[in-house]
Amino acid sequence: MDTAATTVVFALIVSASQINCQEGILHISNGAAEKEYCLVYNQSWTPLPPTLDAALQYPLVNFTSTLLCDTTGVQPEVVKGKALVVMRGVCDFSQKAVVAQSLGAALLLLASNTTLITPSANSSEYSKVHIPLALLRYRDLLDAQQVFGDSMQVKLYAPPLSKVDPSIAVMLLIAVVTVTLGGWWSGACERVRLECVPEREGESKAESGELFLYSPLKALIFVALMSGMLLLMYFFYNILVYVIIAIFCLASASALFSCLDALLDLTGCGTVRYEDHYFCIRSWKLSLRSLLLAAVCISVAVVWGVYRNEDRWIWILQDLLGIAFCLNFMKTISLSNFKICVILLSLLLVYDVFFVFITPFFTKNGVSIMVQVALGPDAAGERLPMVMRVPRFSAWALNMCGMQFSILGFGDIIVPGLLVAYCSRFDVRVNSRKKVYFLCCCTAYLLGILLTFAVMLLSGMGQPALLYLVPFTLVTSASVAAYRKEMRQFWTGTVYEREELTAP
């Protein structure tokens with residue numbers, strides 16, 4: 001993966017954050033029969049009662065022939081005190097809600113032919129709407145019409161789900177194990193390179209396919225390019241999302257091949273090596289093992305690409321490809337010294353906070369650019385694949401909306417993982433047998449991710465994990481270096497790396 005593709009993917013890796021739809025139940029009856037359907041709503045905008053008994057019942061009026069962007073074609077006496085259902089699209093959710101409220105409707109349902117998303121508005125529009133608003137699938141409305149005809153009575157409610165779900169423990173395990181393995185792999189590659197390559201000027205990590213960041217200016221340019229890419233995704237999401245899906249398929253297939261190939265090397269299966277005077281280089285001759293591995297990895301990526309919107313099982317392949325992607329990224333991208341680590345991680349923290357907390361003041365609907373890109377625009381059914389997903393076990397009983405997931409962005413693994421990888425390589429360089437830098441940084445990552453999940457559970461909102469992970473890992477690494485009186489060497493990199501960067 002070249003530098004341009006790396007920048008594109010990395011921008012979207014950091015944009016993927018923990019975002020969850022707020023799902024409820026639409027209860028429809030006609031006195032003789034009853035049935036329930038999925039709906040999606042915004043709890044902070046229009047909260048719903050927690051039980052069916054507590055919900056108010058309204059007769060439903062079907063106006064799906066209109067979009068309700070104005071009062072044209074709807075008579076107030078027909079909808080007054082009733083539930084009104086119209087089609088989603090063209091104008092904002094808040095505009096439809098204000099129109100429905102002015103007509104006297106008691107609640108508003110929006111029938112959607114596309115993916116259901118949590119309706120949102122800016123703070124000034126929240127205060128104008130005093131009736132419940134929710135989205136339902138248009139096909140569910142058609143099914144209800146076949147079952148009940150035109151005489152439908154509706155109730156809206158949202159059973160509370162447990163905030164503490166076992167899926168969080170699984171997600172925590174995936175994150176910590178991936179960061180630890182990625183750091184260990186980076187250190188193992190450094191150890192092999194030291195054993196095979198004599199320390200002399202003119203030799204470069206680039207010869208092994210490794211990309212390294214050694215200039216503060218390059219780090220700044222890198223983050224600026226990421227910001228530009230995120231803005232492009234915000235304005236041209238419907239086109240670029242398919243480009244990102246294609247890049248992810250190619251990159252994850254290559255990463256899975258690299259991981260499986262390294263695993264087979266570790267077991268000594270079919271490995272052929274030769275040595276010349278200066279280098280220890282793998283044979284590039286094609287082998288049956290390589291062909292089989294390539295076929296398997298490409299097949300896994302293709303299957304994911306074809307069935308990426310199938311919730312029931314495709315999350316397993318997405319997580320597998322995601323773990324391989326993160327591991328290979330941490331092994332391939334090297335930060336040359338702690339100074340670059342501090343600069344890059346600090347810039348990414350500012351990037352994350354700005355696009356999550358500051359941009360809502362500038363967007364039309366009051367939703368941050370980061371969240372909008374992660375969710376996709378109203379009409380888009382595709383989502384960015386740059387997340388780990390684990391089904392919420394406590395939500396299996398409420399499964400009308402499809403499987404619900406706990407989500408963790410790749411960036412919450414890779415960004416602090418780059419620092420963990422640097423610490424692992426530094427341990428090798430200074431011959432630290434106890435791997436003190438690597439173990440302490442992994443421990444800091446564990447504490448940071450635990451704090452992230454704790455704040456998420458207490459607040460009931462997704463969190464920008466870098467806000468906690470970056471300070472935890474940077475401060476811990478610096479403290480270890482200061483305690484061992486190795487800060488100068490840790491800050492500037494090892495002697496070998498400094499010579500490498502100044503070599504002609």
# chains A, B, ... in the order shown; residues from 1 in each chain; ligands from 1
>>> residues_around(residues="Gln145 (chain A)", least_positions_apart="2", cutoff="12 Å", atoms="only C-alpha atoms", output="PyMOL selection string")
chain A and resi 28-30+35+60-62+138-143+147-153
>>> write_last_selection(atoms="all heavy atoms", output="compact mmCIF listing (two decimals), in the first residue's frame")
# COMPACT_ATOMS: atom_id res chain seq x y z
N ILE A 28 -48.41 -2.12 16.70
CA ILE A 28 -49.59 -1.83 15.88
C ILE A 28 -50.68 -2.86 16.21
O ILE A 28 -50.41 -4.06 16.30
CB ILE A 28 -49.26 -1.87 14.38
CG1 ILE A 28 -48.15 -0.86 14.06
CG2 ILE A 28 -50.50 -1.55 13.54
CD1 ILE A 28 -47.77 -0.82 12.58
N SER A 29 -51.90 -2.39 16.35
CA SER A 29 -53.03 -3.28 16.63
C SER A 29 -54.29 -2.71 15.99
O SER A 29 -54.34 -1.54 15.58
CB SER A 29 -53.22 -3.43 18.14
OG SER A 29 -53.56 -2.18 18.72
N ASN A 30 -55.32 -3.57 15.92
CA ASN A 30 -56.63 -3.11 15.44
C ASN A 30 -57.76 -3.65 16.30
O ASN A 30 -58.92 -3.71 15.86
CB ASN A 30 -56.84 -3.51 13.98
CG ASN A 30 -56.83 -5.02 13.78
OD1 ASN A 30 -56.65 -5.78 14.74
ND2 ASN A 30 -57.04 -5.46 12.54
N LYS A 35 -49.10 -6.56 16.28
CA LYS A 35 -47.79 -6.93 15.75
C LYS A 35 -46.82 -5.80 16.05
O LYS A 35 -47.23 -4.63 16.17
CB LYS A 35 -47.86 -7.20 14.24
CG LYS A 35 -46.64 -7.89 13.67
CD LYS A 35 -46.87 -8.33 12.22
CE LYS A 35 -45.65 -9.07 11.67
NZ LYS A 35 -45.85 -9.51 10.26
N LEU A 60 -53.44 5.73 13.39
CA LEU A 60 -52.41 6.05 12.38
C LEU A 60 -53.05 6.55 11.09
O LEU A 60 -53.98 5.92 10.56
CB LEU A 60 -51.55 4.83 12.10
CG LEU A 60 -50.39 5.04 11.11
CD1 LEU A 60 -49.35 5.96 11.71
CD2 LEU A 60 -49.76 3.71 10.71
N VAL A 61 -52.53 7.66 10.58
CA VAL A 61 -52.97 8.21 9.30
C VAL A 61 -51.82 8.09 8.32
O VAL A 61 -50.70 8.58 8.57
CB VAL A 61 -53.39 9.69 9.45
CG1 VAL A 61 -53.83 10.25 8.09
CG2 VAL A 61 -54.50 9.83 10.47
N ASN A 62 -52.07 7.43 7.20
CA ASN A 62 -51.03 7.15 6.20
C ASN A 62 -51.01 8.25 5.15
O ASN A 62 -51.95 8.38 4.35
CB ASN A 62 -51.28 5.80 5.55
CG ASN A 62 -50.13 5.38 4.64
OD1 ASN A 62 -49.28 6.18 4.29
ND2 ASN A 62 -50.11 4.12 4.24
N TYR A 138 -40.06 1.18 5.32
CA TYR A 138 -41.25 1.30 4.47
C TYR A 138 -41.86 -0.08 4.22
O TYR A 138 -43.09 -0.22 4.19
CB TYR A 138 -40.88 1.97 3.15
CG TYR A 138 -42.06 2.16 2.21
CD1 TYR A 138 -43.14 2.94 2.60
CD2 TYR A 138 -42.07 1.57 0.96
CE1 TYR A 138 -44.23 3.13 1.75
CE2 TYR A 138 -43.14 1.76 0.10
CZ TYR A 138 -44.22 2.53 0.50
OH TYR A 138 -45.30 2.71 -0.34
N ARG A 139 -41.01 -1.10 4.11
CA ARG A 139 -41.55 -2.45 3.89
C ARG A 139 -42.34 -2.94 5.10
O ARG A 139 -43.28 -3.73 4.95
CB ARG A 139 -40.42 -3.42 3.55
CG ARG A 139 -39.42 -3.70 4.65
CD ARG A 139 -38.44 -4.79 4.21
NE ARG A 139 -37.52 -5.17 5.27
CZ ARG A 139 -36.31 -4.66 5.42
NH1 ARG A 139 -35.88 -3.72 4.58
NH2 ARG A 139 -35.52 -5.05 6.41
N ASP A 140 -41.96 -2.48 6.31
CA ASP A 140 -42.73 -2.84 7.49
C ASP A 140 -44.11 -2.18 7.47
O ASP A 140 -45.10 -2.78 7.90
CB ASP A 140 -41.98 -2.43 8.76
CG ASP A 140 -40.76 -3.31 9.03
OD1 ASP A 140 -40.68 -4.40 8.43
OD2 ASP A 140 -39.91 -2.90 9.85
N LEU A 141 -44.16 -0.95 6.98
CA LEU A 141 -45.44 -0.27 6.86
C LEU A 141 -46.35 -1.00 5.87
O LEU A 141 -47.56 -1.16 6.11
CB LEU A 141 -45.23 1.18 6.43
CG LEU A 141 -46.50 2.02 6.24
CD1 LEU A 141 -47.25 2.16 7.57
CD2 LEU A 141 -46.16 3.40 5.68
N LEU A 142 -45.78 -1.44 4.74
CA LEU A 142 -46.56 -2.20 3.76
C LEU A 142 -47.06 -3.51 4.35
O LEU A 142 -48.21 -3.91 4.11
CB LEU A 142 -45.71 -2.47 2.52
CG LEU A 142 -45.27 -1.24 1.71
CD1 LEU A 142 -44.40 -1.68 0.53
CD2 LEU A 142 -46.47 -0.45 1.22
N ASP A 143 -46.22 -4.17 5.14
CA ASP A 143 -46.64 -5.41 5.80
C ASP A 143 -47.78 -5.14 6.77
O ASP A 143 -48.76 -5.91 6.83
CB ASP A 143 -45.45 -6.02 6.54
CG ASP A 143 -45.82 -7.30 7.29
OD1 ASP A 143 -45.94 -8.36 6.65
OD2 ASP A 143 -46.01 -7.22 8.53
N VAL A 147 -51.72 -6.65 6.96
CA VAL A 147 -52.23 -7.35 8.13
C VAL A 147 -53.44 -6.64 8.73
O VAL A 147 -54.45 -7.27 9.07
CB VAL A 147 -51.12 -7.48 9.20
CG1 VAL A 147 -51.69 -8.09 10.49
CG2 VAL A 147 -49.98 -8.34 8.67
N PHE A 148 -53.38 -5.31 8.83
CA PHE A 148 -54.40 -4.56 9.58
C PHE A 148 -55.31 -3.71 8.70
O PHE A 148 -56.32 -3.20 9.19
CB PHE A 148 -53.73 -3.64 10.61
CG PHE A 148 -52.87 -4.36 11.61
CD1 PHE A 148 -51.49 -4.37 11.48
CD2 PHE A 148 -53.43 -5.04 12.67
CE1 PHE A 148 -50.69 -5.03 12.39
CE2 PHE A 148 -52.65 -5.70 13.59
CZ PHE A 148 -51.26 -5.71 13.46
N GLY A 149 -54.94 -3.51 7.44
CA GLY A 149 -55.73 -2.61 6.61
C GLY A 149 -55.49 -1.16 7.00
O GLY A 149 -54.39 -0.78 7.41
N ASP A 150 -56.54 -0.35 6.94
CA ASP A 150 -56.38 1.08 7.24
C ASP A 150 -56.68 1.42 8.69
O ASP A 150 -56.41 2.55 9.13
CB ASP A 150 -57.31 1.90 6.33
CG ASP A 150 -56.89 1.81 4.87
OD1 ASP A 150 -55.67 1.67 4.62
OD2 ASP A 150 -57.77 1.87 3.99
N SER A 151 -57.24 0.48 9.44
CA SER A 151 -57.59 0.77 10.84
C SER A 151 -56.46 0.32 11.76
O SER A 151 -56.48 -0.77 12.31
CB SER A 151 -58.89 0.08 11.22
OG SER A 151 -58.78 -1.33 11.01
N MET A 152 -55.46 1.15 11.91
CA MET A 152 -54.29 0.82 12.72
C MET A 152 -54.17 1.77 13.92
O MET A 152 -54.26 2.99 13.76
CB MET A 152 -53.01 0.89 11.88
CG MET A 152 -52.88 -0.22 10.85
SD MET A 152 -51.28 -0.20 9.99
CE MET A 152 -51.58 1.08 8.77
N GLN A 153 -53.97 1.18 15.08
CA GLN A 153 -53.67 1.93 16.30
C GLN A 153 -52.21 1.66 16.66
O GLN A 153 -51.77 0.51 16.64
CB GLN A 153 -54.58 1.48 17.44
CG GLN A 153 -56.07 1.66 17.17
CD GLN A 153 -56.50 3.11 17.24
OE1 GLN A 153 -55.97 3.88 18.05
NE2 GLN A 153 -57.48 3.49 16.41
>>> select_by_dssp(residues="region 218-450 of chain A", states="strand (DSSP E or B)", output="list in words")
Arg273, Tyr274, Glu275, Cys280, Ile281, Arg282, Ile333, Ser334, Leu335, Val387, Met388, Arg389, Val390, Pro391, Phe405, Ser406, Ile407, Leu408 and Gly409 of chain A
>>> select_by_dssp(residues="region 30-269 of chain A", states="alpha helix (DSSP H)", output="ChimeraX atom specification")
/A:76-79,93-102,123-126,138-148,166-196,216-235,237-267
>>> atom_distance(atom1="CA of Leu52 (chain A)", atom2="CA of Lys82 (chain A)")
17.8 Å
>>> closest_residue(among="A:Leu466, A:Leu231, A:Leu320, A:Ala111", to="Thr363 (chain A)", atoms="only C-alpha atoms")
A:Leu231
>>> residues_around(residues="Thr180 (chain A)", least_positions_apart="4", cutoff="8 Å", atoms="only C-alpha atoms", output="compact mmCIF listing (two decimals) with N, CA and C atoms, in the first residue's frame")
# COMPACT_ATOMS: atom_id res chain seq x y z
N VAL A 176 -6.84 -5.08 23.07
CA VAL A 176 -5.59 -5.25 23.81
C VAL A 176 -4.70 -6.31 23.17
N TRP A 184 4.60 -6.63 19.55
CA TRP A 184 5.55 -7.74 19.60
C TRP A 184 6.10 -8.07 18.22
N VAL A 420 3.21 1.84 20.86
CA VAL A 420 3.56 0.55 21.45
C VAL A 420 4.63 -0.13 20.60
N CYS A 442 1.84 -1.19 26.89
CA CYS A 442 0.66 -2.05 26.74
C CYS A 442 -0.27 -1.92 27.95
>>> residues_around(residues="Pro119 (chain A)", least_positions_apart="3", cutoff="7 Å", atoms="only C-alpha atoms", output="PDB file with N, CA and C atoms, in the first residue's frame")
ATOM      1  N   TYR A  41     -35.047   6.059  16.768  1.00  0.00           N
ATOM      2  CA  TYR A  41     -35.398   7.395  17.241  1.00  0.00           C
ATOM      3  C   TYR A  41     -34.180   8.031  17.904  1.00  0.00           C
ATOM      4  N   ASN A  42     -34.327   9.285  18.330  1.00  0.00           N
ATOM      5  CA  ASN A  42     -33.266  10.014  19.010  1.00  0.00           C
ATOM      6  C   ASN A  42     -33.732  10.278  20.444  1.00  0.00           C
ATOM      7  N   PHE A  93     -35.232  16.214   8.930  1.00  0.00           N
ATOM      8  CA  PHE A  93     -36.152  15.610   9.895  1.00  0.00           C
ATOM      9  C   PHE A  93     -36.886  16.699  10.695  1.00  0.00           C
TER      10      PHE A  93
END
>>> atom_distance(atom1="CA of Val415 (chain A)", atom2="CA of Met456 (chain A)")
19.5 Å
>>> atom_distance(atom1="CA of Thr46 (chain A)", atom2="CA of Leu133 (chain A)")
6.3 Å
>>> residues_around(residues="Phe63 (chain A)", least_positions_apart="4", cutoff="12 Å", atoms="only C-alpha atoms", output="count of residues only")
24
>>> closest_residue(among="A:Phe257, A:Tyr483, A:Phe338, A:Phe405", to="Ile298 (chain A)", atoms="only C-alpha atoms")
A:Phe257
>>> closest_residue(among="A:Leu384, A:Cys297, A:Ala421, A:Leu172", to="Ala454 (chain A)", atoms="only C-alpha atoms")
A:Leu172
>>> closest_residue(among="A:Ser479, A:Thr492, A:Ser65, A:Thr51", to="Ile340 (chain A)", atoms="only C-alpha atoms")
A:Thr492
